[in-house]
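Beneath this line is the structure, given in structure tokens, with notes to follow.
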Amino acid sequence: MAKHRLETAEEKLKASRLLLSGGLYKDSIGRSYYAIFSATRAVLALDSKDFSKHAGVIACFQKDYVKEGIFDKQYSKIVMESFQIRNKSDYDDYYIVSKADAEEQLEKAELFYQEMSRYIEAEIKE
């Protein structure tokens with residue numbers, strides 16, 4: 001399940017890149033967030049954890065992985081900020097997203113994906 005969810009995250013990153021290059025910045029931000037969310041769920045899958053709500057996934061990641069020192073606090077910040085920005089992009093009629101905003105979110109999503117991927121690969125080898 002972890003590998004499958006990691007593949008889903010990688011697919012979302014590809015979609016984010018395509019949307020960014022097509023000038024669809026709000027949608028690119030959404031795909032960047034879902035790449036982070038899928039990578040987070042991939043980590044949780046290693047411990048057979050999952051939640052029906054985004055907030056539950058994020059809270060578990062923060063409590064069981066960041067607070068416990070498995071991941072640096074920067075990853076908690078990335079997931080929280082991307083969740084908030086995605087919500088604004090999707091639901092706030094007047095939220096303006098620039099190319100720079102979408103590029104920044106994609107960079108953070110790629111960093112997040114790489115770190116989660118490294119962790120999962122290391123855990124699977126053990």
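Note on naming: chains are A, B, ... as they come in the structure tokens, residues start from 1 per chain, ligands start from 1 in the order shown.
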Review point. Looking only at the backbone, which of the residues in segment 54-105 of chain A does DSSP tag as alpha helix (DSSP H), as number ranges by chain?
Key: A: 54-61, 73-91, 99-105
Point to revise | Ala9 of chain A environment, 6 Å, only C-alpha atoms, sequence neighbours closer than 4 positions dropped, as a PyMOL selection string | key: chain A and resi 35+38-39
**Study point:** Distance criterion (only C-alpha atoms): nearest to Phe37 of chain A out of A:Ile78, A:Ala100, A:Ile70, A:Leu24
**Key:**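 Of all the options, A:Ile78 lies closest to Phe37 of chain A.
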Review point. Rounded to one decimal in Å, what is the spacing between atom CA of Lys88 of chain A and atom CA of Lys26 of chain A?
Key: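 Pair atom CA of Lys88 of chain A / atom CA of Lys26 of chain A returns 9.3 Å.
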Hey, which bits of segment 3-89 of chain A sit within 12 Å of segment 93-97 of chain A, and for each residue what's the closest pair of atoms and how far apart in Å (one decimal), counting only C-alpha atoms, rows by chain and increasing number, as a tab-separated table?
residue	atom	partner	partner_atom	distance
A:Leu20	CA	A:Val97	CA	11.1
A:Gly23	CA	A:Val97	CA	10.4
A:Leu24	CA	A:Val97	CA	9.3
A:Tyr25	CA	A:Val97	CA	6.1
A:Lys26	CA	A:Val97	CA	6.0
A:Asp27	CA	A:Val97	CA	9.7
A:Ser28	CA	A:Val97	CA	9.8
A:Ile29	CA	A:Val97	CA	8.5
A:Gly30	CA	A:Val97	CA	11.2
A:Gln84	CA	A:Tyr95	CA	11.8
A:Ile85	CA	A:Tyr95	CA	9.4
A:Arg86	CA	A:Val97	CA	10.3
A:Asn87	CA	A:Tyr95	CA	10.0
A:Lys88	CA	A:Tyr95	CA	6.3
A:Ser89	CA	A:Tyr95	CA	6.0
Review point. So how many Å separate atom CA of Cys60 of chain A and atom CA of Phe83 of chain A, to one decimal?
Key: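 Interatomic distance here is 14.6 Å.
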Practice item. State, in Å with one decimal place, the distance from atom CA of Asp90 of chain A to atom CA of Ile36 of chain A. Key: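 Distance between the two atoms: 16.3 Å.
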Point to revise | Residue neighbourhood Ser21 of chain A, 10 Å, only C-alpha atoms, exclusion window fewer than 5 positions, as number ranges by chain | key: A: 15-16, 28, 99, 103
Could you write out the selected residues, including N, CA, C and O atoms, as a JSON list (two decimals), in the first residue's frame?
[["chain", "number", "residue", "atom", "x", "y", "z"],
["A", 15, "ALA", "N", 1.34, 15.82, -12.64],
["A", 15, "ALA", "CA", 0.18, 16.63, -13.00],
["A", 15, "ALA", "C", 0.39, 18.09, -12.61],
["A", 15, "ALA", "O", 0.06, 19.01, -13.37],
["A", 16, "SER", "N", 0.97, 18.31, -11.43],
["A", 16, "SER", "CA", 1.24, 19.67, -10.98],
["A", 16, "SER", "C", 2.19, 20.38, -11.94],
["A", 16, "SER", "O", 1.98, 21.55, -12.28],
["A", 28, "SER", "N", -2.50, 23.63, -10.22],
["A", 28, "SER", "CA", -1.16, 23.12, -9.93],
["A", 28, "SER", "C", -0.95, 23.03, -8.42],
["A", 28, "SER", "O", -0.40, 22.04, -7.91],
["A", 99, "LYS", "N", 2.29, 32.57, -10.52],
["A", 99, "LYS", "CA", 3.18, 31.53, -11.01],
["A", 99, "LYS", "C", 4.22, 31.19, -9.93],
["A", 99, "LYS", "O", 4.50, 30.01, -9.69],
["A", 103, "GLU", "N", 4.97, 27.60, -8.28],
["A", 103, "GLU", "CA", 6.33, 27.03, -8.35],
["A", 103, "GLU", "C", 6.85, 26.68, -6.96],
["A", 103, "GLU", "O", 7.45, 25.61, -6.76]]
Do a neighbour search on Asp47 of chain A at 12 Å with only C-alpha atoms, toss out local chain neighbours closer than 4 positions, and write the hits as a PDB file with N, CA and C atoms, in the first residue's frame.
ATOM      1  N   MET A   1       0.829  -1.195   0.000  1.00  0.00           N
ATOM      2  CA  MET A   1       0.000   0.000   0.000  1.00  0.00           C
ATOM      3  C   MET A   1       0.874   1.260   0.000  1.00  0.00           C
ATOM      4  N   ALA A   2       1.958   1.239   0.770  1.00  0.00           N
ATOM      5  CA  ALA A   2       2.841   2.409   0.840  1.00  0.00           C
ATOM      6  C   ALA A   2       3.410   2.731  -0.538  1.00  0.00           C
ATOM      7  N   THR A  40       2.161  11.408   2.431  1.00  0.00           N
ATOM      8  CA  THR A  40       1.919  11.289   3.871  1.00  0.00           C
ATOM      9  C   THR A  40       1.159   9.994   4.164  1.00  0.00           C
ATOM     10  N   ARG A  41       0.137   9.733   3.382  1.00  0.00           N
ATOM     11  CA  ARG A  41      -0.636   8.493   3.566  1.00  0.00           C
ATOM     12  C   ARG A  41       0.221   7.262   3.290  1.00  0.00           C
ATOM     13  N   ALA A  42       1.195   7.397   2.402  1.00  0.00           N
ATOM     14  CA  ALA A  42       2.107   6.280   2.128  1.00  0.00           C
ATOM     15  C   ALA A  42       2.917   5.941   3.377  1.00  0.00           C
ATOM     16  N   VAL A  43       3.401   6.957   4.054  1.00  0.00           N
ATOM     17  CA  VAL A  43       4.157   6.736   5.297  1.00  0.00           C
ATOM     18  C   VAL A  43       3.258   6.083   6.341  1.00  0.00           C
ATOM     19  N   CYS A  60      -2.033  12.817  12.563  1.00  0.00           N
ATOM     20  CA  CYS A  60      -1.290  11.596  12.871  1.00  0.00           C
ATOM     21  C   CYS A  60       0.164  11.733  12.433  1.00  0.00           C
ATOM     22  N   PHE A  61       0.383  12.292  11.255  1.00  0.00           N
ATOM     23  CA  PHE A  61       1.742  12.493  10.765  1.00  0.00           C
ATOM     24  C   PHE A  61       2.523  13.377  11.735  1.00  0.00           C
ATOM     25  N   ASP A  64       2.809  11.301  15.334  1.00  0.00           N
ATOM     26  CA  ASP A  64       3.543  10.037  15.368  1.00  0.00           C
ATOM     27  C   ASP A  64       4.882  10.061  14.631  1.00  0.00           C
ATOM     28  N   TYR A  65       5.088  11.048  13.785  1.00  0.00           N
ATOM     29  CA  TYR A  65       6.306  11.052  12.974  1.00  0.00           C
ATOM     30  C   TYR A  65       7.159  12.300  13.165  1.00  0.00           C
ATOM     31  N   ILE A 120      10.416   5.573   3.230  1.00  0.00           N
ATOM     32  CA  ILE A 120       9.678   4.344   2.902  1.00  0.00           C
ATOM     33  C   ILE A 120      10.631   3.280   2.360  1.00  0.00           C
ATOM     34  N   GLU A 123      12.569   1.816   5.204  1.00  0.00           N
ATOM     35  CA  GLU A 123      11.744   0.984   6.075  1.00  0.00           C
ATOM     36  C   GLU A 123      11.405  -0.355   5.422  1.00  0.00           C
ATOM     37  N   ILE A 124      11.200  -0.343   4.118  1.00  0.00           N
ATOM     38  CA  ILE A 124      10.859  -1.583   3.408  1.00  0.00           C
ATOM     39  C   ILE A 124      12.065  -2.528   3.371  1.00  0.00           C
TER      40      ILE A 124
END
Check your understanding: Which residue gives the smallest distance to Ala109 of chain A among A:Lys49, A:His4, A:Lys77, A:Lys67, with only C-alpha atoms counted?
Key -> A:Lys77
**Study point:** Distance criterion (only C-alpha atoms): nearest to Lys63 of chain A out of A:Leu44, A:Leu111, A:Leu106, A:Leu18
**Key:** A:Leu44
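For the residues A:Phe112, A:Asp92, A:Glu107, A:Arg118, ranking by smallest atom-to-atom distance to Lys73 of chain A using only C-alpha atoms places A:Phe112 first.
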